[in-house]
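**Student:** Structure: data.pdb, PDB, C-alpha atoms.
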```pdb
ATOM      1  CA  MET A 267      95.637  73.523 127.788  1.00  0.00           C
ATOM      2  CA  GLU A 268      93.751  75.412 130.497  1.00  0.00           C
ATOM      3  CA  ILE A 269      90.307  76.756 129.568  1.00  0.00           C
ATOM      4  CA  PHE A 270      88.230  79.164 131.636  1.00  0.00           C
ATOM      5  CA  LYS A 271      86.093  82.288 131.498  1.00  0.00           C
ATOM      6  CA  TYR A 272      87.169  85.812 132.449  1.00  0.00           C
ATOM      7  CA  GLN A 273      86.327  87.262 135.822  1.00  0.00           C
ATOM      8  CA  ARG A 274      87.475  90.689 134.690  1.00  0.00           C
ATOM      9  CA  GLY A 275      88.424  92.160 131.343  1.00  0.00           C
ATOM     10  CA  PRO A 276      86.425  91.547 128.149  1.00  0.00           C
ATOM     11  CA  ILE A 277      83.254  89.489 128.589  1.00  0.00           C
ATOM     12  CA  LEU A 278      83.917  86.858 125.962  1.00  0.00           C
ATOM     13  CA  SER A 279      83.388  83.140 125.559  1.00  0.00           C
ATOM     14  CA  GLU A 280      86.072  80.562 126.229  1.00  0.00           C
ATOM     15  CA  PHE A 281      89.684  81.717 126.051  1.00  0.00           C
ATOM     16  CA  TYR A 282      92.889  79.765 126.466  1.00  0.00           C
ATOM     17  CA  ALA A 283      95.829  80.672 128.663  1.00  0.00           C
ATOM     18  CA  ASN A 284      98.606  82.194 126.560  1.00  0.00           C
ATOM     19  CA  ASN A 285     101.855  81.943 128.471  1.00  0.00           C
ATOM     20  CA  TRP A 286     104.330  84.454 127.114  1.00  0.00           C
ATOM     21  CA  VAL A 287     107.029  86.376 129.011  1.00  0.00           C
ATOM     22  CA  TRP A 288     109.315  89.346 128.362  1.00  0.00           C
ATOM     23  CA  ASP A 289     111.974  88.633 125.754  1.00  0.00           C
ATOM     24  CA  TYR A 290     115.549  88.773 127.006  1.00  0.00           C
ATOM     25  CA  GLN A 291     116.762  89.006 123.392  1.00  0.00           C
ATOM     26  CA  ASN A 292     114.543  91.953 122.470  1.00  0.00           C
ATOM     27  CA  LYS A 293     114.874  94.633 125.101  1.00  0.00           C
ATOM     28  CA  SER A 294     116.845  97.715 125.999  1.00  0.00           C
ATOM     29  CA  SER A 295     120.018  97.118 127.996  1.00  0.00           C
ATOM     30  CA  ASP A 296     118.455  99.400 130.622  1.00  0.00           C
ATOM     31  CA  VAL A 297     115.655  96.904 131.280  1.00  0.00           C
ATOM     32  CA  HIS A 298     116.291  94.048 133.705  1.00  0.00           C
ATOM     33  CA  LEU A 299     113.987  91.051 134.011  1.00  0.00           C
ATOM     34  CA  SER A 300     112.936  88.921 136.958  1.00  0.00           C
ATOM     35  CA  ASN A 301     113.989  85.260 137.006  1.00  0.00           C
ATOM     36  CA  ASP A 302     110.647  84.172 135.583  1.00  0.00           C
ATOM     37  CA  LYS A 303     110.790  87.033 133.016  1.00  0.00           C
ATOM     38  CA  LYS A 304     107.318  88.233 134.012  1.00  0.00           C
ATOM     39  CA  SER A 305     108.470  91.491 135.591  1.00  0.00           C
ATOM     40  CA  ALA A 306     110.507  94.262 133.953  1.00  0.00           C
ATOM     41  CA  TYR A 307     112.633  96.730 135.938  1.00  0.00           C
ATOM     42  CA  PHE A 308     113.824  99.944 134.295  1.00  0.00           C
ATOM     43  CA  TYR A 309     116.999 101.920 135.041  1.00  0.00           C
ATOM     44  CA  THR A 310     117.881 100.086 138.238  1.00  0.00           C
ATOM     45  CA  ASP A 311     121.478 101.329 138.598  1.00  0.00           C
ATOM     46  CA  PRO A 312     121.615 103.460 141.793  1.00  0.00           C
ATOM     47  CA  VAL A 313     124.363 105.642 140.313  1.00  0.00           C
ATOM     48  CA  ASP A 314     123.513 105.957 136.624  1.00  0.00           C
ATOM     49  CA  LEU A 315     119.977 107.282 136.414  1.00  0.00           C
ATOM     50  CA  SER A 316     117.751 107.267 133.338  1.00  0.00           C
ATOM     51  CA  THR A 317     119.556 108.285 130.139  1.00  0.00           C
ATOM     52  CA  GLY A 318     116.631 108.006 127.724  1.00  0.00           C
ATOM     53  CA  THR A 319     113.726 105.691 127.019  1.00  0.00           C
ATOM     54  CA  ALA A 320     113.857 101.911 127.394  1.00  0.00           C
ATOM     55  CA  GLY A 321     111.470  99.198 126.214  1.00  0.00           C
ATOM     56  CA  VAL A 322     110.973  95.443 126.109  1.00  0.00           C
ATOM     57  CA  ARG A 323     108.648  93.253 124.082  1.00  0.00           C
ATOM     58  CA  GLY A 324     107.030  89.859 124.619  1.00  0.00           C
ATOM     59  CA  ASN A 325     108.706  86.688 123.414  1.00  0.00           C
ATOM     60  CA  LYS A 326     105.700  85.472 121.376  1.00  0.00           C
ATOM     61  CA  ALA A 327     103.952  87.161 118.479  1.00  0.00           C
ATOM     62  CA  LEU A 328     100.200  87.680 118.796  1.00  0.00           C
ATOM     63  CA  ASN A 329      98.753  86.171 115.629  1.00  0.00           C
ATOM     64  CA  ASP A 330      95.206  85.634 114.322  1.00  0.00           C
ATOM     65  CA  GLY A 331      92.574  85.823 117.013  1.00  0.00           C
ATOM     66  CA  GLU A 332      91.710  87.797 120.120  1.00  0.00           C
ATOM     67  CA  HIS A 333      94.348  88.397 122.757  1.00  0.00           C
ATOM     68  CA  TYR A 334      93.952  89.769 126.268  1.00  0.00           C
ATOM     69  CA  TRP A 335      96.806  90.421 128.679  1.00  0.00           C
ATOM     70  CA  GLU A 336      97.347  92.527 131.778  1.00  0.00           C
ATOM     71  CA  ILE A 337     100.136  94.911 132.721  1.00  0.00           C
ATOM     72  CA  VAL A 338     100.475  95.507 136.457  1.00  0.00           C
ATOM     73  CA  PHE A 339     102.025  98.675 137.897  1.00  0.00           C
ATOM     74  CA  LEU A 340     104.248  97.216 140.615  1.00  0.00           C
ATOM     75  CA  GLU A 341     105.274 100.772 141.577  1.00  0.00           C
ATOM     76  CA  PRO A 342     103.430 104.071 141.008  1.00  0.00           C
ATOM     77  CA  PRO A 343     104.319 105.400 137.527  1.00  0.00           C
ATOM     78  CA  CYS A 344     106.130 108.706 137.198  1.00  0.00           C
ATOM     79  CA  GLY A 345     108.369 110.662 134.862  1.00  0.00           C
ATOM     80  CA  THR A 346     107.947 111.715 131.262  1.00  0.00           C
ATOM     81  CA  SER A 347     106.533 108.447 130.006  1.00  0.00           C
ATOM     82  CA  VAL A 348     105.505 104.954 131.115  1.00  0.00           C
ATOM     83  CA  MET A 349     103.665 103.063 128.379  1.00  0.00           C
ATOM     84  CA  MET A 350     102.135  99.769 127.285  1.00  0.00           C
ATOM     85  CA  GLY A 351     100.790  98.583 123.947  1.00  0.00           C
ATOM     86  CA  VAL A 352     101.664  96.507 120.911  1.00  0.00           C
ATOM     87  CA  GLY A 353     104.097  96.753 118.040  1.00  0.00           C
ATOM     88  CA  THR A 354     105.629  94.950 115.111  1.00  0.00           C
ATOM     89  CA  GLU A 355     109.028  93.276 115.196  1.00  0.00           C
ATOM     90  CA  ASN A 356     110.429  96.592 113.914  1.00  0.00           C
ATOM     91  CA  SER A 357     109.233  98.604 116.922  1.00  0.00           C
ATOM     92  CA  LYS A 358     111.804 100.802 118.632  1.00  0.00           C
ATOM     93  CA  LEU A 359     112.921  99.587 122.074  1.00  0.00           C
ATOM     94  CA  GLN A 360     115.546 102.197 123.010  1.00  0.00           C
ATOM     95  CA  THR A 361     116.510 105.851 122.814  1.00  0.00           C
ATOM     96  CA  ASN A 362     119.737 107.209 124.255  1.00  0.00           C
ATOM     97  CA  ASN A 363     121.364 110.629 124.625  1.00  0.00           C
ATOM     98  CA  TYR A 364     118.754 111.725 127.174  1.00  0.00           C
ATOM     99  CA  LYS A 365     115.857 111.519 124.706  1.00  0.00           C
ATOM    100  CA  TYR A 366     112.768 111.096 126.876  1.00  0.00           C
ATOM    101  CA  VAL A 367     109.916 110.212 124.525  1.00  0.00           C
ATOM    102  CA  ASN A 368     106.642 108.325 124.292  1.00  0.00           C
ATOM    103  CA  LEU A 369     108.275 105.349 122.641  1.00  0.00           C
ATOM    104  CA  ILE A 370     105.270 103.114 121.892  1.00  0.00           C
ATOM    105  CA  GLY A 371     103.497 104.857 119.044  1.00  0.00           C
ATOM    106  CA  ILE A 372     106.436 107.047 118.070  1.00  0.00           C
ATOM    107  CA  ASP A 373     106.040 105.738 114.504  1.00  0.00           C
ATOM    108  CA  GLN A 374     103.712 103.517 112.479  1.00  0.00           C
ATOM    109  CA  GLU A 375     105.213 100.332 113.938  1.00  0.00           C
ATOM    110  CA  SER A 376     103.493 100.538 117.340  1.00  0.00           C
ATOM    111  CA  TRP A 377     100.332 101.597 119.212  1.00  0.00           C
ATOM    112  CA  GLY A 378     100.560 102.652 122.855  1.00  0.00           C
ATOM    113  CA  LEU A 379      98.895 104.063 125.974  1.00  0.00           C
ATOM    114  CA  SER A 380     100.747 106.420 128.340  1.00  0.00           C
ATOM    115  CA  TYR A 381     100.092 106.482 132.079  1.00  0.00           C
ATOM    116  CA  LYS A 382      99.182 110.143 131.541  1.00  0.00           C
ATOM    117  CA  GLY A 383      96.031 109.044 129.710  1.00  0.00           C
ATOM    118  CA  ARG A 384      97.017 109.654 126.089  1.00  0.00           C
ATOM    119  CA  ILE A 385      97.289 107.137 123.270  1.00  0.00           C
ATOM    120  CA  TYR A 386      99.996 107.294 120.605  1.00  0.00           C
ATOM    121  CA  HIS A 387     100.481 106.020 117.062  1.00  0.00           C
ATOM    122  CA  ASN A 388     102.598 107.209 114.139  1.00  0.00           C
ATOM    123  CA  GLY A 389     103.908 110.147 116.145  1.00  0.00           C
ATOM    124  CA  GLU A 390     100.434 111.517 116.948  1.00  0.00           C
ATOM    125  CA  SER A 391      98.530 111.434 120.241  1.00  0.00           C
ATOM    126  CA  TRP A 392      94.972 111.769 121.537  1.00  0.00           C
ATOM    127  CA  LYS A 393      93.358 112.087 124.952  1.00  0.00           C
ATOM    128  CA  TYR A 394      91.955 108.660 125.921  1.00  0.00           C
ATOM    129  CA  CYS A 395      91.430 108.297 129.676  1.00  0.00           C
ATOM    130  CA  ASP A 396      92.238 109.748 133.076  1.00  0.00           C
ATOM    131  CA  PRO A 397      95.885 109.518 134.203  1.00  0.00           C
ATOM    132  CA  ILE A 398      97.077 106.412 136.039  1.00  0.00           C
ATOM    133  CA  TYR A 399      98.998 107.093 139.236  1.00  0.00           C
ATOM    134  CA  ASP A 400      98.298 104.224 141.641  1.00  0.00           C
ATOM    135  CA  GLU A 401     100.534 101.310 142.490  1.00  0.00           C
ATOM    136  CA  GLY A 402      98.767  98.023 141.788  1.00  0.00           C
ATOM    137  CA  THR A 403      96.706  99.390 138.898  1.00  0.00           C
ATOM    138  CA  ILE A 404      96.022  96.686 136.306  1.00  0.00           C
ATOM    139  CA  ILE A 405      95.756  97.722 132.671  1.00  0.00           C
ATOM    140  CA  GLY A 406      94.147  95.095 130.453  1.00  0.00           C
ATOM    141  CA  CYS A 407      95.046  95.117 126.775  1.00  0.00           C
ATOM    142  CA  HIS A 408      92.586  93.526 124.341  1.00  0.00           C
ATOM    143  CA  LEU A 409      93.818  93.049 120.772  1.00  0.00           C
ATOM    144  CA  ASN A 410      91.237  91.800 118.284  1.00  0.00           C
ATOM    145  CA  THR A 411      92.922  90.987 114.984  1.00  0.00           C
ATOM    146  CA  TYR A 412      89.524  90.029 113.529  1.00  0.00           C
ATOM    147  CA  LEU A 413      88.197  93.581 113.938  1.00  0.00           C
ATOM    148  CA  GLY A 414      91.564  95.368 113.902  1.00  0.00           C
ATOM    149  CA  THR A 415      91.004  96.963 117.303  1.00  0.00           C
ATOM    150  CA  LEU A 416      93.023  97.577 120.448  1.00  0.00           C
ATOM    151  CA  THR A 417      91.060  98.270 123.640  1.00  0.00           C
ATOM    152  CA  PHE A 418      92.316  99.004 127.146  1.00  0.00           C
ATOM    153  CA  TYR A 419      90.774  98.129 130.516  1.00  0.00           C
ATOM    154  CA  ARG A 420      91.528  99.735 133.865  1.00  0.00           C
ATOM    155  CA  ASN A 421      91.090  97.378 136.805  1.00  0.00           C
ATOM    156  CA  GLY A 422      88.569  95.408 134.750  1.00  0.00           C
ATOM    157  CA  VAL A 423      86.610  98.418 133.444  1.00  0.00           C
ATOM    158  CA  ASN A 424      86.443  98.824 129.667  1.00  0.00           C
ATOM    159  CA  MET A 425      87.773 102.266 128.668  1.00  0.00           C
ATOM    160  CA  GLY A 426      86.656 101.929 125.044  1.00  0.00           C
ATOM    161  CA  VAL A 427      88.380 101.159 121.759  1.00  0.00           C
ATOM    162  CA  ALA A 428      91.655 103.077 121.578  1.00  0.00           C
ATOM    163  CA  PHE A 429      92.645 102.131 118.035  1.00  0.00           C
ATOM    164  CA  TYR A 430      90.957 100.825 114.928  1.00  0.00           C
ATOM    165  CA  ASP A 431      93.588 100.097 112.313  1.00  0.00           C
ATOM    166  CA  ARG A 432      93.711  97.605 109.442  1.00  0.00           C
ATOM    167  CA  ARG A 433      97.356  96.967 110.303  1.00  0.00           C
ATOM    168  CA  LEU A 434      96.194  95.470 113.615  1.00  0.00           C
ATOM    169  CA  GLN A 435      94.509  92.730 111.567  1.00  0.00           C
ATOM    170  CA  GLN A 436      97.797  91.500 110.134  1.00  0.00           C
ATOM    171  CA  GLY A 437      98.975  89.659 113.248  1.00  0.00           C
ATOM    172  CA  GLN A 438     102.651  89.230 114.159  1.00  0.00           C
ATOM    173  CA  LEU A 439     102.366  91.900 116.854  1.00  0.00           C
ATOM    174  CA  TYR A 440     104.120  91.856 120.220  1.00  0.00           C
ATOM    175  CA  PRO A 441     103.140  93.213 123.646  1.00  0.00           C
ATOM    176  CA  ILE A 442     105.488  96.073 124.579  1.00  0.00           C
ATOM    177  CA  VAL A 443     106.135  98.246 127.624  1.00  0.00           C
ATOM    178  CA  SER A 444     108.471 101.222 127.920  1.00  0.00           C
ATOM    179  CA  SER A 445     109.579 103.834 130.439  1.00  0.00           C
ATOM    180  CA  THR A 446     111.769 106.882 130.843  1.00  0.00           C
ATOM    181  CA  ALA A 447     111.704 106.757 134.647  1.00  0.00           C
ATOM    182  CA  THR A 448     114.207 105.292 137.079  1.00  0.00           C
ATOM    183  CA  GLU A 449     113.002 102.224 138.999  1.00  0.00           C
ATOM    184  CA  THR A 450     109.809 101.732 136.995  1.00  0.00           C
ATOM    185  CA  GLU A 451     108.480  98.209 137.641  1.00  0.00           C
ATOM    186  CA  LEU A 452     105.902  96.556 135.358  1.00  0.00           C
ATOM    187  CA  GLY A 453     104.633  93.002 135.627  1.00  0.00           C
ATOM    188  CA  ILE A 454     102.626  90.652 133.435  1.00  0.00           C
ATOM    189  CA  GLY A 455      99.246  89.681 134.881  1.00  0.00           C
ATOM    190  CA  ARG A 456      96.925  87.219 133.216  1.00  0.00           C
ATOM    191  CA  SER A 457      97.225  86.489 129.497  1.00  0.00           C
ATOM    192  CA  TYR A 458      94.692  84.688 127.294  1.00  0.00           C
ATOM    193  CA  CYS A 459      93.817  84.196 123.638  1.00  0.00           C
ATOM    194  CA  ARG A 460      91.034  82.923 121.412  1.00  0.00           C
ATOM    195  CA  ARG A 461      91.522  81.673 117.868  1.00  0.00           C
ATOM    196  CA  ILE A 462      89.292  83.123 115.178  1.00  0.00           C
ATOM    197  CA  SER A 463      86.835  80.712 113.539  1.00  0.00           C
ATOM    198  CA  LEU A 464      86.854  80.058 109.790  1.00  0.00           C
ATOM    199  CA  ARG A 465      83.525  81.888 109.446  1.00  0.00           C
ATOM    200  CA  GLU A 466      84.923  84.975 111.199  1.00  0.00           C
ATOM    201  CA  LYS A 467      87.996  84.936 108.941  1.00  0.00           C
ATOM    202  CA  CYS A 468      85.813  84.689 105.810  1.00  0.00           C
ATOM    203  CA  CYS A 469      83.571  87.559 106.991  1.00  0.00           C
ATOM    204  CA  SER A 470      86.627  89.697 107.683  1.00  0.00           C
ATOM    205  CA  ILE A 471      88.100  89.038 104.223  1.00  0.00           C
ATOM    206  CA  ILE A 472      84.782  89.874 102.519  1.00  0.00           C
ATOM    207  CA  ARG A 473      84.363  93.092 104.540  1.00  0.00           C
ATOM    208  CA  ASN A 474      87.928  94.216 103.773  1.00  0.00           C
ATOM    209  CA  ASN A 475      87.220  93.890 100.058  1.00  0.00           C
ATOM    210  CA  LEU A 476      84.085  96.046 100.164  1.00  0.00           C
ATOM    211  CA  SER A 477      84.233  99.828 100.078  1.00  0.00           C
ATOM    212  CA  CYS A 478      81.299 100.309 102.488  1.00  0.00           C
ATOM    213  CA  ASN A 479      78.739  98.423 104.581  1.00  0.00           C
ATOM    214  CA  ASP A 480      75.926  99.274 102.162  1.00  0.00           C
ATOM    215  CA  MET A 481      77.458  96.902  99.618  1.00  0.00           C
ATOM    216  CA  VAL A 482      76.947  93.978 101.994  1.00  0.00           C
ATOM    217  CA  ASP A 483      73.181  94.093 101.402  1.00  0.00           C
ATOM    218  CA  THR A 484      73.693  93.350  97.698  1.00  0.00           C
ATOM    219  CA  LEU A 485      75.444  90.041  98.414  1.00  0.00           C
ATOM    220  CA  PRO A 486      73.475  86.789  97.821  1.00  0.00           C
ATOM    221  CA  LEU A 487      73.884  85.651 101.426  1.00  0.00           C
ATOM    222  CA  PRO A 488      71.571  84.951 104.399  1.00  0.00           C
ATOM    223  CA  ASN A 489      70.786  88.014 106.528  1.00  0.00           C
ATOM    224  CA  ILE A 490      72.572  86.569 109.577  1.00  0.00           C
ATOM    225  CA  VAL A 491      75.788  86.245 107.557  1.00  0.00           C
ATOM    226  CA  LYS A 492      75.380  89.780 106.210  1.00  0.00           C
ATOM    227  CA  SER A 493      75.113  91.060 109.774  1.00  0.00           C
ATOM    228  CA  GLN A 494      78.308  89.266 110.730  1.00  0.00           C
ATOM    229  CA  ILE A 495      80.135  90.752 107.716  1.00  0.00           C
ATOM    230  CA  LYS A 496      79.004  94.265 108.697  1.00  0.00           C
ATOM    231  CA  MET A 497      80.464  93.748 112.169  1.00  0.00           C
ATOM    232  CA  ALA A 498      83.790  92.482 110.796  1.00  0.00           C
TER
END
```
Please rewrite the model in this file as structure tokens.

**Tutor:**
Amino acid sequence: MEIFKYQRGPILSEFYANNWVWDYQNKSSDVHLSNDKKSAYFYTDPVDLSTGTAGVRGNKALNDGEHYWEIVFLEPPCGTSVMMGVGTENSKLQTNNYKYVNLIGIDQESWGLSYKGRIYHNGESWKYCDPIYDEGTIIGCHLNTYLGTLTFYRNGVNMGVAFYDRRLQQGQLYPIVSSTATETELGIGRSYCRRISLREKCCSIIRNNLSCNDMVDTLPLPNIVKSQIKMA
């Protein structure tokens, strides 16, 4: 298995290549995939234009550990919504009847970032970053199931934690992209993962069973371990 260090994205220790592609079995019928399944093309019919919102998810679940992958805008984004993020196996991947929505984050099953700079979860949205309009823009997605966080990068620059959610610690999440716009093209860039150590897992379990960080100081543990629990 290939091992290397990042040149852009999160500055972390050794990660492994994680070779997943878009899932032909779990996508909208309005999404077409390249032969290698690394690029997704939305509403490509020259006659029938967009009739709603279409999505596709990755073919491998992201389980325990840290995961980093890149979504590349092969064409400038436009329209009501173009999104990327993560979701459970129950995430919606299609709306019809001319329903143009921000699909990733429409309910509690997914967490998403729109090209317009807003993040979405459980039907709510917040301002997160400046809009994304340029062809070739690379959005890095960093899921940390140890901390329960999802962070986005723009051309290698950390834009800050977008979501902190205990449900992100449960694993079994899938990368997802969606679009309402005709001829949207999104590709998979680099994709890596790091497995969580036994110590990190133990710290996370302890922290999740405490009501606040102040309780950590009462534990009969070395100070270095207490610090790691507080960060979990």

**Student:** Hey, what's within 10 Å of Gly324 of chain A if we count all atoms listed in the file and toss same-chain stuff fewer than 4 positions away? As a list in words, please?

**Tutor:**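 Near neighbours after the sequence-gap exclusion: Trp286, Val287, Trp288, Asp289, Tyr290, Gln291, Asn292, Lys293, Lys303, Lys304, Leu328, Val352, Gly353, Leu439, Tyr440, Pro441, Ile442, Val443 and Ile454 of chain A.
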
**Student:** As JSON, numbers by chain, please: the residues near segment 346-348 of chain A (cut-off 6 Å, only C-alpha atoms, same-chain neighbours under 4 positions excluded).

**Tutor:** {"A": [368, 380, 381, 444, 445, 446]}

**Student:** For Ile472 of chain A, find every residue with an atom within 10 Å (counting all atoms listed in the file), except residues of its own chain fewer than 2 positions away, and show them as a list in words.

**Tutor:**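 Answer for this query is Glu466, Lys467, Cys468, Cys469, Ser470, Asn474, Asn475, Leu476, Val482, Ile495, Lys496 and Ala498 of chain A.
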
**Student:** Translate the PyMOL selection byres ((chain A and resi 450) around 10), as applied to the file shown, into an explicit residue set as an NGL selection string.

**Tutor:** :A and (297 or 306-310 or 339-345 or 348 or 444-449 or 451-452)

**Student:** Out of A:Ile398, A:Leu413, A:Met349, A:Ile404, which residue has the shortest atom-to-atom distance to Ile372 of chain A when counting all atoms listed in the file?

**Tutor:**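 Between A:Ile398, A:Leu413, A:Met349, A:Ile404, the residue approaching Ile372 of chain A most closely is A:Met349.
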
**Student:** Find the spatial neighbours of Asn329 of chain A, counting all atoms listed in the file, within a cut-off of 12 Å - ignore same-chain residues fewer than 6 positions away - and output them as a ChimeraX atom specification.

**Tutor:** /A:284,352,354,409-412,414,434-441,459-462

**Student:** Residue by residue, what does the PyMOL selection byres ((chain A and resi 295) around 9) grab here? Present the result as a ChimeraX atom specification.

**Tutor:** /A:293-294,296-298,320-321,360

**Student:** In terms of the shortest atom-to-atom distance over all atoms listed in the file, which of A:Gly371, A:Gly453, A:Gly378, A:Pro488 is closest to Tyr394 of chain A?

**Tutor:** A:Gly378

**Student:** Ranking A:Asp330, A:Arg384, A:Thr319, A:Ile337 by minimum distance to Asn362 of chain A and counting all atoms listed in the file, which one comes first?

**Tutor:**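 With all atoms listed in the file as the atom set, the closest residue is A:Thr319.
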
**Student:** Take the PyMOL selection byres ((chain A and resi 420) around 8), apply it to the structure above, and return the hits as a VMD selection string.

**Tutor:** chain A and resid 403 to 406 418 to 419 421 to 425

**Student:** In Å, rounded to a single decimal, give me how far atom CA of Ser477 of chain A is from atom CA of Thr415 of chain A.

**Tutor:**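 So the answer is 18.7 Å.
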
**Student:** Atom CA of Asp314 of chain A and atom CA of Leu369 of chain A are how many Å apart?

**Tutor:** 20.7 Å

**Student:** Have a look at atom CA of Leu487 of chain A and atom CA of Arg433 of chain A and let me know their distance in Å, one decimal.

**Tutor:** 27.5 Å

**Student:** Nearest to Leu359 of chain A among A:Arg323, A:Arg432, A:His333, A:Lys492, with distances taken over only C-alpha atoms: which residue is it?

**Tutor:** A:Arg323

**Student:** Could you write segment 370-386 of chain A as a PDB file, keeping the file's coordinate frame, with N, CA and C atoms rebuilt where they are missing?

**Tutor:**
```pdb
ATOM      1  N   ILE A 370     106.237 103.995 122.550  1.00  0.00           N
ATOM      2  CA  ILE A 370     105.270 103.114 121.892  1.00  0.00           C
ATOM      3  C   ILE A 370     104.248 103.991 121.171  1.00  0.00           C
ATOM      4  N   GLY A 371     104.315 103.968 119.852  1.00  0.00           N
ATOM      5  CA  GLY A 371     103.497 104.857 119.044  1.00  0.00           C
ATOM      6  C   GLY A 371     104.272 106.001 118.436  1.00  0.00           C
ATOM      7  N   ILE A 372     105.594 105.977 118.611  1.00  0.00           N
ATOM      8  CA  ILE A 372     106.436 107.047 118.070  1.00  0.00           C
ATOM      9  C   ILE A 372     106.440 107.032 116.545  1.00  0.00           C
ATOM     10  N   ASP A 373     106.138 105.854 115.956  1.00  0.00           N
ATOM     11  CA  ASP A 373     106.040 105.738 114.504  1.00  0.00           C
ATOM     12  C   ASP A 373     104.910 104.773 114.171  1.00  0.00           C
ATOM     13  N   GLN A 374     104.820 104.371 112.914  1.00  0.00           N
ATOM     14  CA  GLN A 374     103.712 103.517 112.479  1.00  0.00           C
ATOM     15  C   GLN A 374     103.870 102.066 112.897  1.00  0.00           C
ATOM     16  N   GLU A 375     104.959 101.716 113.560  1.00  0.00           N
ATOM     17  CA  GLU A 375     105.213 100.332 113.938  1.00  0.00           C
ATOM     18  C   GLU A 375     104.597  99.939 115.279  1.00  0.00           C
ATOM     19  N   SER A 376     104.017 100.881 116.015  1.00  0.00           N
ATOM     20  CA  SER A 376     103.493 100.538 117.340  1.00  0.00           C
ATOM     21  C   SER A 376     102.304 101.416 117.722  1.00  0.00           C
ATOM     22  N   TRP A 377     101.529 100.928 118.705  1.00  0.00           N
ATOM     23  CA  TRP A 377     100.332 101.597 119.212  1.00  0.00           C
ATOM     24  C   TRP A 377     100.405 101.536 120.734  1.00  0.00           C
ATOM     25  N   GLY A 378     100.321 102.683 121.419  1.00  0.00           N
ATOM     26  CA  GLY A 378     100.560 102.652 122.855  1.00  0.00           C
ATOM     27  C   GLY A 378      99.673 103.571 123.673  1.00  0.00           C
ATOM     28  N   LEU A 379      99.605 103.265 124.979  1.00  0.00           N
ATOM     29  CA  LEU A 379      98.895 104.063 125.974  1.00  0.00           C
ATOM     30  C   LEU A 379      99.890 104.530 127.027  1.00  0.00           C
ATOM     31  N   SER A 380      99.903 105.838 127.299  1.00  0.00           N
ATOM     32  CA  SER A 380     100.747 106.420 128.340  1.00  0.00           C
ATOM     33  C   SER A 380      99.987 106.463 129.661  1.00  0.00           C
ATOM     34  N   TYR A 381     100.727 106.377 130.764  1.00  0.00           N
ATOM     35  CA  TYR A 381     100.092 106.482 132.079  1.00  0.00           C
ATOM     36  C   TYR A 381      99.433 107.847 132.288  1.00  0.00           C
ATOM     37  N   LYS A 382      99.784 108.814 131.440  1.00  0.00           N
ATOM     38  CA  LYS A 382      99.182 110.143 131.541  1.00  0.00           C
ATOM     39  C   LYS A 382      97.814 110.226 130.861  1.00  0.00           C
ATOM     40  N   GLY A 383      97.372 109.099 130.266  1.00  0.00           N
ATOM     41  CA  GLY A 383      96.031 109.044 129.710  1.00  0.00           C
ATOM     42  C   GLY A 383      95.916 109.342 128.236  1.00  0.00           C
ATOM     43  N   ARG A 384      97.039 109.388 127.518  1.00  0.00           N
ATOM     44  CA  ARG A 384      97.017 109.654 126.089  1.00  0.00           C
ATOM     45  C   ARG A 384      97.452 108.406 125.323  1.00  0.00           C
ATOM     46  N   ILE A 385      96.893 108.236 124.134  1.00  0.00           N
ATOM     47  CA  ILE A 385      97.289 107.137 123.270  1.00  0.00           C
ATOM     48  C   ILE A 385      98.123 107.686 122.115  1.00  0.00           C
ATOM     49  N   TYR A 386      99.024 106.855 121.607  1.00  0.00           N
ATOM     50  CA  TYR A 386      99.996 107.294 120.605  1.00  0.00           C
ATOM     51  C   TYR A 386     100.105 106.289 119.462  1.00  0.00           C
TER      52      TYR A 386
END
```
